file input_1.pdb (PDB, C-alpha atoms)
MODEL        1
ATOM      1  CA  MET A   1      11.702   4.045  -9.474
ATOM      2  CA  LYS A   2       8.883   1.680 -10.378
ATOM      3  CA  ASP A   3       6.213   0.345  -8.034
ATOM      4  CA  ILE A   4       6.682   3.101  -5.499
ATOM      5  CA  ASN A   5       3.704   4.973  -4.115
ATOM      6  CA  HIS A   6       3.290   7.831  -1.707
ATOM      7  CA  THR A   7       0.085   8.306   0.239
ATOM      8  CA  SER A   8      -0.622  10.699   3.047
ATOM      9  CA  GLU A   9      -3.859   9.994   4.899
ATOM     10  CA  GLY A  10      -5.556  11.660   7.828
ATOM     11  CA  VAL A  11      -7.217   9.752  10.629
ATOM     12  CA  ALA A  12     -10.640  10.476   9.137
ATOM     13  CA  ASP A  13      -9.532   8.749   5.932
ATOM     14  CA  ALA A  14      -8.312   5.567   7.639
ATOM     15  CA  PRO A  15      -9.121   2.480   5.558
ATOM     16  CA  PHE A  16     -11.353  -0.162   7.112
ATOM     17  CA  TYR A  17      -9.371  -2.571   9.271
ATOM     18  CA  LEU A  18     -10.645  -5.015  11.893
ATOM     19  CA  PRO A  19      -7.923  -5.967  14.420
ATOM     20  CA  GLN A  20      -7.307  -9.678  14.991
ATOM     21  CA  GLY A  21      -5.422  -9.286  18.262
ATOM     22  CA  ASP A  22      -3.143  -6.722  19.861
ATOM     23  CA  GLU A  23      -1.355  -5.706  16.643
ATOM     24  CA  VAL A  24      -2.607  -2.111  16.891
ATOM     25  CA  SER A  25      -1.206  -1.564  20.380
ATOM     26  CA  VAL A  26       2.092  -3.274  19.464
ATOM     27  CA  PHE A  27       2.488  -1.048  16.406
ATOM     28  CA  GLU A  28       1.663   2.055  18.445
ATOM     29  CA  ALA A  29       4.264   1.077  21.038
ATOM     30  CA  ALA A  30       6.859   0.546  18.298
ATOM     31  CA  ALA A  31       6.023   3.943  16.820
ATOM     32  CA  LYS A  32       6.243   5.636  20.223
ATOM     33  CA  HIS A  33       9.715   4.228  20.871
ATOM     34  CA  ASP A  34      11.066   4.643  17.301
ATOM     35  CA  LEU A  35      11.402   0.899  16.749
ATOM     36  CA  PRO A  36      11.254  -0.799  13.323
ATOM     37  CA  ILE A  37       8.732  -3.582  12.834
ATOM     38  CA  LEU A  38       8.470  -6.608  10.563
ATOM     39  CA  LEU A  39       5.096  -8.029   9.479
ATOM     40  CA  ILE A  40       5.186 -11.733   8.637
ATOM     41  CA  GLY A  41       2.324 -13.553   6.954
ATOM     42  CA  PRO A  42       0.772 -14.944   3.771
ATOM     43  CA  THR A  43      -0.200 -12.904   0.743
ATOM     44  CA  GLY A  44      -3.521 -11.109   1.039
ATOM     45  CA  CYS A  45      -3.984 -11.488   4.800
ATOM     46  CA  GLY A  46      -4.144  -7.731   5.463
ATOM     47  CA  LYS A  47      -0.542  -6.631   6.131
ATOM     48  CA  THR A  48      -0.581  -3.719   3.690
ATOM     49  CA  ARG A  49      -4.059  -2.615   4.756
ATOM     50  CA  PHE A  50      -2.903  -2.706   8.381
ATOM     51  CA  VAL A  51       0.042  -0.393   7.662
ATOM     52  CA  ALA A  52      -2.209   2.069   5.805
ATOM     53  CA  TYR A  53      -4.659   1.977   8.705
ATOM     54  CA  MET A  54      -1.922   2.591  11.272
ATOM     55  CA  ALA A  55      -0.399   5.444   9.270
ATOM     56  CA  ALA A  56      -3.795   7.140   9.189
ATOM     57  CA  ARG A  57      -4.417   6.364  12.870
ATOM     58  CA  LEU A  58      -1.063   7.925  13.815
ATOM     59  CA  GLY A  59      -1.514  10.823  11.388
ATOM     60  CA  ARG A  60       1.774  10.158   9.602
ATOM     61  CA  PRO A  61       2.541  10.242   5.874
ATOM     62  CA  LEU A  62       3.138   6.805   4.360
ATOM     63  CA  TYR A  63       5.581   5.792   1.643
ATOM     64  CA  THR A  64       4.904   2.301   0.303
ATOM     65  CA  VAL A  65       7.516   0.471  -1.753
ATOM     66  CA  ALA A  66       6.575  -2.768  -3.511
ATOM     67  CA  CYS A  67       9.893  -4.614  -3.499
ATOM     68  CA  HIS A  68      10.969  -6.685  -6.514
ATOM     69  CA  ASP A  69      14.044  -8.383  -7.945
ATOM     70  CA  ASP A  70      15.353  -5.207  -9.562
ATOM     71  CA  LEU A  71      14.785  -2.878  -6.613
ATOM     72  CA  SER A  72      18.164  -1.490  -5.574
ATOM     73  CA  ALA A  73      19.393   0.710  -2.755
ATOM     74  CA  ALA A  74      19.520   3.613  -5.217
ATOM     75  CA  ASP A  75      15.788   3.215  -5.883
ATOM     76  CA  LEU A  76      15.168   3.754  -2.172
ATOM     77  CA  ILE A  77      17.775   6.436  -1.482
ATOM     78  CA  GLY A  78      17.681   8.471  -4.693
ATOM     79  CA  ARG A  79      19.883   9.321  -7.646
ATOM     80  CA  TYR A  80      21.121  12.127  -9.839
ATOM     81  CA  LEU A  81      18.821  12.888 -12.774
ATOM     82  CA  LEU A  82      19.125  15.175 -15.749
ATOM     83  CA  LYS A  83      16.413  17.846 -15.709
ATOM     84  CA  GLY A  84      16.265  20.957 -17.821
ATOM     85  CA  GLY A  85      19.845  20.609 -18.918
ATOM     86  CA  GLU A  86      21.261  20.255 -15.419
ATOM     87  CA  THR A  87      21.971  17.330 -13.151
ATOM     88  CA  ILE A  88      20.056  17.387  -9.879
ATOM     89  CA  TRP A  89      19.704  15.006  -6.964
ATOM     90  CA  VAL A  90      16.234  13.459  -6.451
ATOM     91  CA  ASP A  91      15.427  11.787  -3.138
ATOM     92  CA  GLY A  92      14.006   8.270  -3.195
ATOM     93  CA  PRO A  93      11.036   7.272  -1.001
ATOM     94  CA  LEU A  94      13.159   6.079   1.923
ATOM     95  CA  THR A  95      15.107   9.341   2.008
ATOM     96  CA  ARG A  96      11.897  11.385   1.827
ATOM     97  CA  ALA A  97      10.421   9.405   4.706
ATOM     98  CA  VAL A  98      13.586   9.891   6.789
ATOM     99  CA  ARG A  99      13.582  13.640   6.156
ATOM    100  CA  GLU A 100       9.845  14.104   6.771
ATOM    101  CA  GLY A 101       9.327  11.803   9.743
ATOM    102  CA  ALA A 102       7.046   9.519   7.749
ATOM    103  CA  ILE A 103       6.454   5.764   7.740
ATOM    104  CA  CYS A 104       8.325   3.862   5.031
ATOM    105  CA  TYR A 105       6.779   0.475   4.270
ATOM    106  CA  LEU A 106       8.852  -2.066   2.330
ATOM    107  CA  ASP A 107       6.369  -4.663   1.090
ATOM    108  CA  GLU A 108       7.924  -8.129   0.515
ATOM    109  CA  VAL A 109      11.355  -6.838   1.473
ATOM    110  CA  VAL A 110      13.094 -10.163   0.733
ATOM    111  CA  GLU A 111      12.358  -9.631  -2.973
ATOM    112  CA  ALA A 112      14.696  -6.624  -3.119
ATOM    113  CA  ARG A 113      18.364  -6.816  -4.041
ATOM    114  CA  LYS A 114      20.878  -7.627  -1.307
ATOM    115  CA  ASP A 115      22.317  -4.100  -1.155
ATOM    116  CA  VAL A 116      18.993  -2.851   0.283
ATOM    117  CA  ALA A 117      19.619  -4.556   3.647
ATOM    118  CA  VAL A 118      22.917  -2.702   4.065
ATOM    119  CA  VAL A 119      21.088   0.610   3.689
ATOM    120  CA  LEU A 120      18.525  -0.329   6.324
ATOM    121  CA  HIS A 121      20.933  -1.314   9.088
ATOM    122  CA  PRO A 122      21.918   2.173  10.331
ATOM    123  CA  LEU A 123      18.221   3.123  10.380
ATOM    124  CA  THR A 124      17.269   0.149  12.546
ATOM    125  CA  ASP A 125      19.520   0.740  15.526
ATOM    126  CA  ASP A 126      20.062   3.621  17.920
ATOM    127  CA  ARG A 127      21.859   5.677  15.269
ATOM    128  CA  ARG A 128      18.738   6.190  13.110
ATOM    129  CA  ILE A 129      20.779   7.680  10.306
ATOM    130  CA  LEU A 130      20.783   7.335   6.533
ATOM    131  CA  PRO A 131      24.216   7.848   4.931
ATOM    132  CA  ILE A 132      24.058   8.908   1.286
ATOM    133  CA  ASP A 133      27.410   8.186  -0.312
ATOM    134  CA  ARG A 134      26.555   9.914  -3.595
ATOM    135  CA  THR A 135      25.951  13.302  -1.911
ATOM    136  CA  GLY A 136      28.104  12.914   1.202
ATOM    137  CA  GLU A 137      25.108  13.506   3.460
ATOM    138  CA  GLU A 138      24.332  11.687   6.667
ATOM    139  CA  ILE A 139      20.665  12.302   7.453
ATOM    140  CA  SER A 140      19.346  11.838  10.957
ATOM    141  CA  ALA A 141      15.806  10.490  10.949
ATOM    142  CA  ALA A 142      13.247  13.168  11.717
ATOM    143  CA  PRO A 143      10.908  12.582  14.673
ATOM    144  CA  GLY A 144       8.119  10.235  13.584
ATOM    145  CA  PHE A 145      10.156   8.257  11.068
ATOM    146  CA  MET A 146       9.354   4.559  11.229
ATOM    147  CA  LEU A 147      10.579   1.671   9.130
ATOM    148  CA  VAL A 148       8.103  -1.144   8.480
ATOM    149  CA  ALA A 149       8.814  -4.202   6.343
ATOM    150  CA  SER A 150       6.872  -7.333   5.433
ATOM    151  CA  TYR A 151       7.375 -10.686   3.818
ATOM    152  CA  ASN A 152       5.569 -13.915   3.101
ATOM    153  CA  PRO A 153       7.500 -16.856   4.599
ATOM    154  CA  GLY A 154       5.635 -19.217   2.268
ATOM    155  CA  TYR A 155       7.760 -17.928  -0.616
ATOM    156  CA  GLN A 156      11.071 -18.149   1.201
ATOM    157  CA  ASN A 157      13.924 -20.108  -0.285
ATOM    158  CA  ILE A 158      17.654 -20.295   0.339
ATOM    159  CA  LEU A 159      18.284 -17.330  -1.947
ATOM    160  CA  LYS A 160      15.481 -15.122  -0.612
ATOM    161  CA  THR A 161      15.366 -14.878   3.125
ATOM    162  CA  LEU A 162      16.238 -12.307   5.751
ATOM    163  CA  LYS A 163      19.612 -12.816   7.333
ATOM    164  CA  PRO A 164      19.540 -13.014  11.139
ATOM    165  CA  SER A 165      21.658  -9.859  11.250
ATOM    166  CA  THR A 166      18.816  -8.019   9.520
ATOM    167  CA  ARG A 167      15.793  -9.786  10.971
ATOM    168  CA  GLN A 168      16.968  -9.274  14.554
ATOM    169  CA  ARG A 169      16.926  -5.518  14.063
ATOM    170  CA  PHE A 170      13.105  -5.547  13.881
ATOM    171  CA  LEU A 171      10.242  -6.229  16.200
ATOM    172  CA  ALA A 172       8.003  -8.809  14.534
ATOM    173  CA  LEU A 173       4.255  -9.324  14.224
ATOM    174  CA  ASP A 174       2.907 -12.594  12.880
ATOM    175  CA  PHE A 175      -0.153 -12.266  10.622
ATOM    176  CA  ALA A 176      -2.513 -15.036   9.578
ATOM    177  CA  PHE A 177      -5.838 -15.153   7.806
ATOM    178  CA  PRO A 178      -8.571 -13.961  10.158
ATOM    179  CA  THR A 179     -10.908 -16.379  11.877
ATOM    180  CA  PRO A 180     -14.329 -16.746  10.209
ATOM    181  CA  GLU A 181     -15.874 -14.615  12.971
ATOM    182  CA  LEU A 182     -13.597 -11.747  11.904
ATOM    183  CA  GLU A 183     -13.317 -12.459   8.187
ATOM    184  CA  ILE A 184     -17.073 -12.511   7.537
ATOM    185  CA  PRO A 185     -17.698  -8.899   8.677
ATOM    186  CA  VAL A 186     -14.523  -7.740   6.903
ATOM    187  CA  VAL A 187     -15.620  -9.232   3.569
ATOM    188  CA  ALA A 188     -19.171  -7.949   4.056
ATOM    189  CA  ALA A 189     -17.956  -4.421   4.815
ATOM    190  CA  GLU A 190     -15.559  -4.361   1.866
ATOM    191  CA  SER A 191     -17.920  -5.863  -0.720
ATOM    192  CA  GLY A 192     -21.397  -4.734   0.303
ATOM    193  CA  LEU A 193     -22.627  -8.351   0.325
ATOM    194  CA  SER A 194     -24.660  -9.388   3.369
ATOM    195  CA  GLU A 195     -22.943 -11.436   6.061
ATOM    196  CA  ASP A 196     -25.350 -14.354   5.498
ATOM    197  CA  ARG A 197     -24.227 -14.565   1.863
ATOM    198  CA  VAL A 198     -20.570 -14.082   2.784
ATOM    199  CA  LYS A 199     -20.522 -17.009   5.242
ATOM    200  CA  PRO A 200     -20.331 -19.796   2.621
ATOM    201  CA  LEU A 201     -17.604 -17.898   0.739
ATOM    202  CA  VAL A 202     -15.480 -17.751   3.891
ATOM    203  CA  ARG A 203     -16.200 -21.425   4.595
ATOM    204  CA  LEU A 204     -15.007 -22.273   1.072
ATOM    205  CA  ALA A 205     -11.919 -20.080   1.511
ATOM    206  CA  ASN A 206     -10.890 -21.964   4.633
ATOM    207  CA  LYS A 207     -11.322 -25.316   2.909
ATOM    208  CA  LEU A 208      -9.099 -24.055   0.074
ATOM    209  CA  ARG A 209      -6.516 -22.857   2.585
ATOM    210  CA  ASP A 210      -6.414 -26.328   4.093
ATOM    211  CA  MET A 211      -5.203 -27.552   0.681
ATOM    212  CA  LYS A 212      -2.118 -25.309   0.676
ATOM    213  CA  GLY A 213       1.010 -27.322  -0.013
ATOM    214  CA  GLN A 214      -1.018 -30.180  -1.469
ATOM    215  CA  ASP A 215      -2.870 -29.317  -4.661
ATOM    216  CA  ILE A 216      -2.165 -25.563  -4.531
ATOM    217  CA  GLU A 217       0.891 -23.527  -3.532
ATOM    218  CA  GLU A 218      -0.935 -20.785  -1.675
ATOM    219  CA  GLY A 219      -4.332 -20.567   0.021
ATOM    220  CA  VAL A 220      -6.970 -18.144  -1.170
ATOM    221  CA  SER A 221      -6.483 -14.678   0.299
ATOM    222  CA  THR A 222      -9.041 -12.516   2.058
ATOM    223  CA  ARG A 223      -8.536 -10.113  -0.837
ATOM    224  CA  LEU A 224      -9.799 -12.728  -3.307
ATOM    225  CA  VAL A 225     -12.788 -13.514  -1.101
ATOM    226  CA  VAL A 226     -13.641  -9.808  -1.160
ATOM    227  CA  TYR A 227     -13.338  -9.831  -4.960
ATOM    228  CA  ALA A 228     -15.748 -12.765  -5.235
ATOM    229  CA  ALA A 229     -18.225 -11.146  -2.859
ATOM    230  CA  THR A 230     -18.001  -7.867  -4.774
ATOM    231  CA  LEU A 231     -18.833  -9.624  -8.053
ATOM    232  CA  ILE A 232     -21.764 -11.423  -6.430
ATOM    233  CA  ALA A 233     -23.042  -8.184  -4.895
ATOM    234  CA  GLY A 234     -22.859  -6.671  -8.382
ATOM    235  CA  GLY A 235     -25.118  -9.372  -9.809
ATOM    236  CA  MET A 236     -22.706 -11.986 -11.167
ATOM    237  CA  PRO A 237     -23.843 -15.618 -10.671
ATOM    238  CA  ILE A 238     -22.221 -17.143  -7.588
ATOM    239  CA  GLU A 239     -20.514 -20.014  -9.423
ATOM    240  CA  ARG A 240     -18.945 -17.712 -12.018
ATOM    241  CA  ALA A 241     -17.812 -15.188  -9.393
ATOM    242  CA  ILE A 242     -16.135 -17.921  -7.345
ATOM    243  CA  GLU A 243     -14.468 -19.454 -10.398
ATOM    244  CA  THR A 244     -13.123 -16.084 -11.524
ATOM    245  CA  ALA A 245     -11.999 -14.783  -8.148
ATOM    246  CA  MET A 246     -11.217 -17.840  -6.003
ATOM    247  CA  ILE A 247     -10.332 -20.717  -8.337
ATOM    248  CA  GLU A 248      -8.630 -19.395 -11.487
ATOM    249  CA  PRO A 249      -6.087 -17.257  -9.535
ATOM    250  CA  LEU A 250      -4.876 -20.302  -7.562
ATOM    251  CA  THR A 251      -3.675 -22.660 -10.296
ATOM    252  CA  ASP A 252      -3.168 -23.221 -14.029
ATOM    253  CA  ASP A 253      -3.525 -26.991 -13.780
ATOM    254  CA  ALA A 254      -6.778 -28.178 -15.367
ATOM    255  CA  ASP A 255      -7.130 -31.256 -13.152
ATOM    256  CA  THR A 256      -6.577 -29.219 -10.016
ATOM    257  CA  LYS A 257      -9.170 -26.683 -11.148
ATOM    258  CA  ARG A 258     -11.734 -29.439 -11.636
ATOM    259  CA  GLY A 259     -11.024 -30.718  -8.141
ATOM    260  CA  LEU A 260     -11.426 -27.237  -6.678
ATOM    261  CA  LEU A 261     -14.702 -26.738  -8.543
ATOM    262  CA  ASP A 262     -15.955 -30.020  -7.071
ATOM    263  CA  LEU A 263     -15.191 -28.563  -3.669
ATOM    264  CA  VAL A 264     -17.238 -25.468  -4.568
ATOM    265  CA  THR A 265     -20.173 -27.716  -5.428
ATOM    266  CA  ALA A 266     -19.811 -29.557  -2.133
ATOM    267  CA  VAL A 267     -19.930 -26.291  -0.184
ATOM    268  CA  PHE A 268     -22.647 -24.511  -2.155
ATOM    269  CA  GLY A 269     -24.632 -27.553  -3.359
TER     270      GLY A 269
ENDMDL
END
call {"tool": "encode", "arguments": {"input": "input_1.pdb", "output": "structure tokens"}}
result
Amino acid sequence: MKDINHTSEGVADAPFYLPQGDEVSVFEAAAKHDLPILLIGPTGCGKTRFVAYMAARLGRPLYTVACHDDLSAADLIGRYLLKGGETIWVDGPLTRAVREGAICYLDEVVEARKDVAVVLHPLTDDRRILPIDRTGEEISAAPGFMLVASYNPGYQNILKTLKPSTRQRFLALDFAFPTPELEIPVVAAESGLSEDRVKPLVRLANKLRDMKGQDIEEGVSTRLVVYAATLIAGGMPIERAIETAMIEPLTDDADTKRGLLDLVTAVFG
């Protein structure tokens, strides 16, 4: 069961998160009424941080699953394993969350195998049950259980998309990169770099984002801006920090890199 993490955080341990709109109140309403929710937005715009923040705010354990091409329903539900000479059943993260009343977060859910959606359906309607064929159990979700999923529509293709029958089982929140007024204090708080020094980094990030779909496939994420600011705060020269954190991760094409570096010069002089 690769790429599966379990974290349980108290409210006092909530990670830093600066709301962009009413996403906190919408999530709280979904949690109150036992409704599943889908977070839609580009890579690195804060979806995963938001879920961790909300889990801590609500005081619920959080199971995070990074979905990938090989992730199967069995990885989520569980399987029989040989331990100490005997075969025992081991719950997967989804089953543990259902039993415990925790939040289960499926990050980039469209990357998982198709059989995963079938497992989710009875948990995303009024039944709120998880049938386990291998053991014959039918588990009713404990109070507090919440299913959260996310995906980046920029990577969608005909083979990897949510079917309407699945998507329409979720509430949905649309995420975008924060406005400069919000992104500057976020990057400053995360990196320790002053807001005055963060401002040109955010200005550069937005210019790079404007190039998405032209010279680069994906705009620079807030995460990468934080990385650059962290390197600068640690003493790395600005140009090298930007090249390492905000240019090299975007493309392998040498000509495109040179064009992006020219943009850096235009912004920073």
call {"tool": "closest_residue", "arguments": {"input": "input_1.pdb", "among": "A:Arg258, A:Arg197, A:Arg209, A:His33", "to": "A:Ile238", "atoms": "all atoms listed in the file"}}
result
A:Arg197
call {"tool": "residues_around", "arguments": {"input": "input_1.pdb", "residues": "A:Thr179", "least_positions_apart": "6", "cutoff": "10 Å", "atoms": "all atoms listed in the file", "output": "PyMOL selection string"}}
result
chain A and resi 20+202+206
call {"tool": "residues_around", "arguments": {"input": "input_1.pdb", "residues": "A:Gly192", "least_positions_apart": "6", "cutoff": "12 Å", "atoms": "all atoms listed in the file", "output": "ChimeraX atom specification"}}
result
/A:184-186,198,226-235
call {"tool": "resolve_selection", "arguments": {"input": "input_1.pdb", "expression": "the PyMOL selection byres ((chain A and resi 113) around 9)", "output": "list in words"}}
result
Cys67, His68, Asp69, Asp70, Leu71, Ser72, Ala73, Val109, Val110, Glu111, Ala112, Lys114, Asp115, Val116 and Ala117 of chain A
call {"tool": "resolve_selection", "arguments": {"input": "input_1.pdb", "expression": "the PyMOL selection byres ((chain A and resi 178) around 12)", "output": "NGL selection string"}}
result
:A and (17-21 or 41-42 or 44-47 or 174-177 or 179-187 or 202 or 205-206 or 209 or 221-223)
call {"tool": "write_last_selection", "arguments": {"input": "input_1.pdb", "atoms": "C-alpha atoms", "output": "PDB file, in the coordinates of the input"}}
result
ATOM      1  CA  TYR A  17      -9.371  -2.571   9.271  1.00  0.00           C
ATOM      2  CA  LEU A  18     -10.645  -5.015  11.893  1.00  0.00           C
ATOM      3  CA  PRO A  19      -7.923  -5.967  14.420  1.00  0.00           C
ATOM      4  CA  GLN A  20      -7.307  -9.678  14.991  1.00  0.00           C
ATOM      5  CA  GLY A  21      -5.422  -9.286  18.262  1.00  0.00           C
ATOM      6  CA  GLY A  41       2.324 -13.553   6.954  1.00  0.00           C
ATOM      7  CA  PRO A  42       0.772 -14.944   3.771  1.00  0.00           C
ATOM      8  CA  GLY A  44      -3.521 -11.109   1.039  1.00  0.00           C
ATOM      9  CA  CYS A  45      -3.984 -11.488   4.800  1.00  0.00           C
ATOM     10  CA  GLY A  46      -4.144  -7.731   5.463  1.00  0.00           C
ATOM     11  CA  LYS A  47      -0.542  -6.631   6.131  1.00  0.00           C
ATOM     12  CA  ASP A 174       2.907 -12.594  12.880  1.00  0.00           C
ATOM     13  CA  PHE A 175      -0.153 -12.266  10.622  1.00  0.00           C
ATOM     14  CA  ALA A 176      -2.513 -15.036   9.578  1.00  0.00           C
ATOM     15  CA  PHE A 177      -5.838 -15.153   7.806  1.00  0.00           C
ATOM     16  CA  THR A 179     -10.908 -16.379  11.877  1.00  0.00           C
ATOM     17  CA  PRO A 180     -14.329 -16.746  10.209  1.00  0.00           C
ATOM     18  CA  GLU A 181     -15.874 -14.615  12.971  1.00  0.00           C
ATOM     19  CA  LEU A 182     -13.597 -11.747  11.904  1.00  0.00           C
ATOM     20  CA  GLU A 183     -13.317 -12.459   8.187  1.00  0.00           C
ATOM     21  CA  ILE A 184     -17.073 -12.511   7.537  1.00  0.00           C
ATOM     22  CA  PRO A 185     -17.698  -8.899   8.677  1.00  0.00           C
ATOM     23  CA  VAL A 186     -14.523  -7.740   6.903  1.00  0.00           C
ATOM     24  CA  VAL A 187     -15.620  -9.232   3.569  1.00  0.00           C
ATOM     25  CA  VAL A 202     -15.480 -17.751   3.891  1.00  0.00           C
ATOM     26  CA  ALA A 205     -11.919 -20.080   1.511  1.00  0.00           C
ATOM     27  CA  ASN A 206     -10.890 -21.964   4.633  1.00  0.00           C
ATOM     28  CA  ARG A 209      -6.516 -22.857   2.585  1.00  0.00           C
ATOM     29  CA  SER A 221      -6.483 -14.678   0.299  1.00  0.00           C
ATOM     30  CA  THR A 222      -9.041 -12.516   2.058  1.00  0.00           C
ATOM     31  CA  ARG A 223      -8.536 -10.113  -0.837  1.00  0.00           C
TER      32      ARG A 223
END
call {"tool": "resolve_selection", "arguments": {"input": "input_1.pdb", "expression": "the PyMOL selection byres ((chain A and resi 219) around 8)", "output": "list in words"}}
result
Ala205, Leu208, Arg209, Asp210, Met211, Lys212, Ile216, Glu217, Glu218, Val220, Ser221 and Leu250 of chain A
call {"tool": "residues_around", "arguments": {"input": "input_1.pdb", "residues": "stretch 56-60 of chain A", "least_positions_apart": "3", "cutoff": "12 Å", "atoms": "all atoms listed in the file", "output": "number ranges by chain"}}
result
A: 6-17, 24-25, 27-32, 49-53, 63, 97, 100-104, 143-146
call {"tool": "atom_distance", "arguments": {"input": "input_1.pdb", "atom1": "atom CA of A:Leu94", "atom2": "atom CA of A:Leu76"}}
result
5.1 Å
call {"tool": "atom_distance", "arguments": {"input": "input_1.pdb", "atom1": "atom CA of A:Ala189", "atom2": "atom CA of A:Pro237"}}
result
20.0 Å
call {"tool": "residues_around", "arguments": {"input": "input_1.pdb", "residues": "A:Thr135", "least_positions_apart": "5", "cutoff": "10 Å", "atoms": "all atoms listed in the file", "output": "number ranges by chain"}}
result
A: 78-80, 89
call {"tool": "closest_residue", "arguments": {"input": "input_1.pdb", "among": "A:Ala241, A:Val264, A:Ala142, A:Leu38", "to": "A:Ile129", "atoms": "only C-alpha atoms"}}
result
A:Ala142
call {"tool": "atom_distance", "arguments": {"input": "input_1.pdb", "atom1": "atom CA of A:Glu108", "atom2": "atom CA of A:Leu35"}}
result
18.9 Å
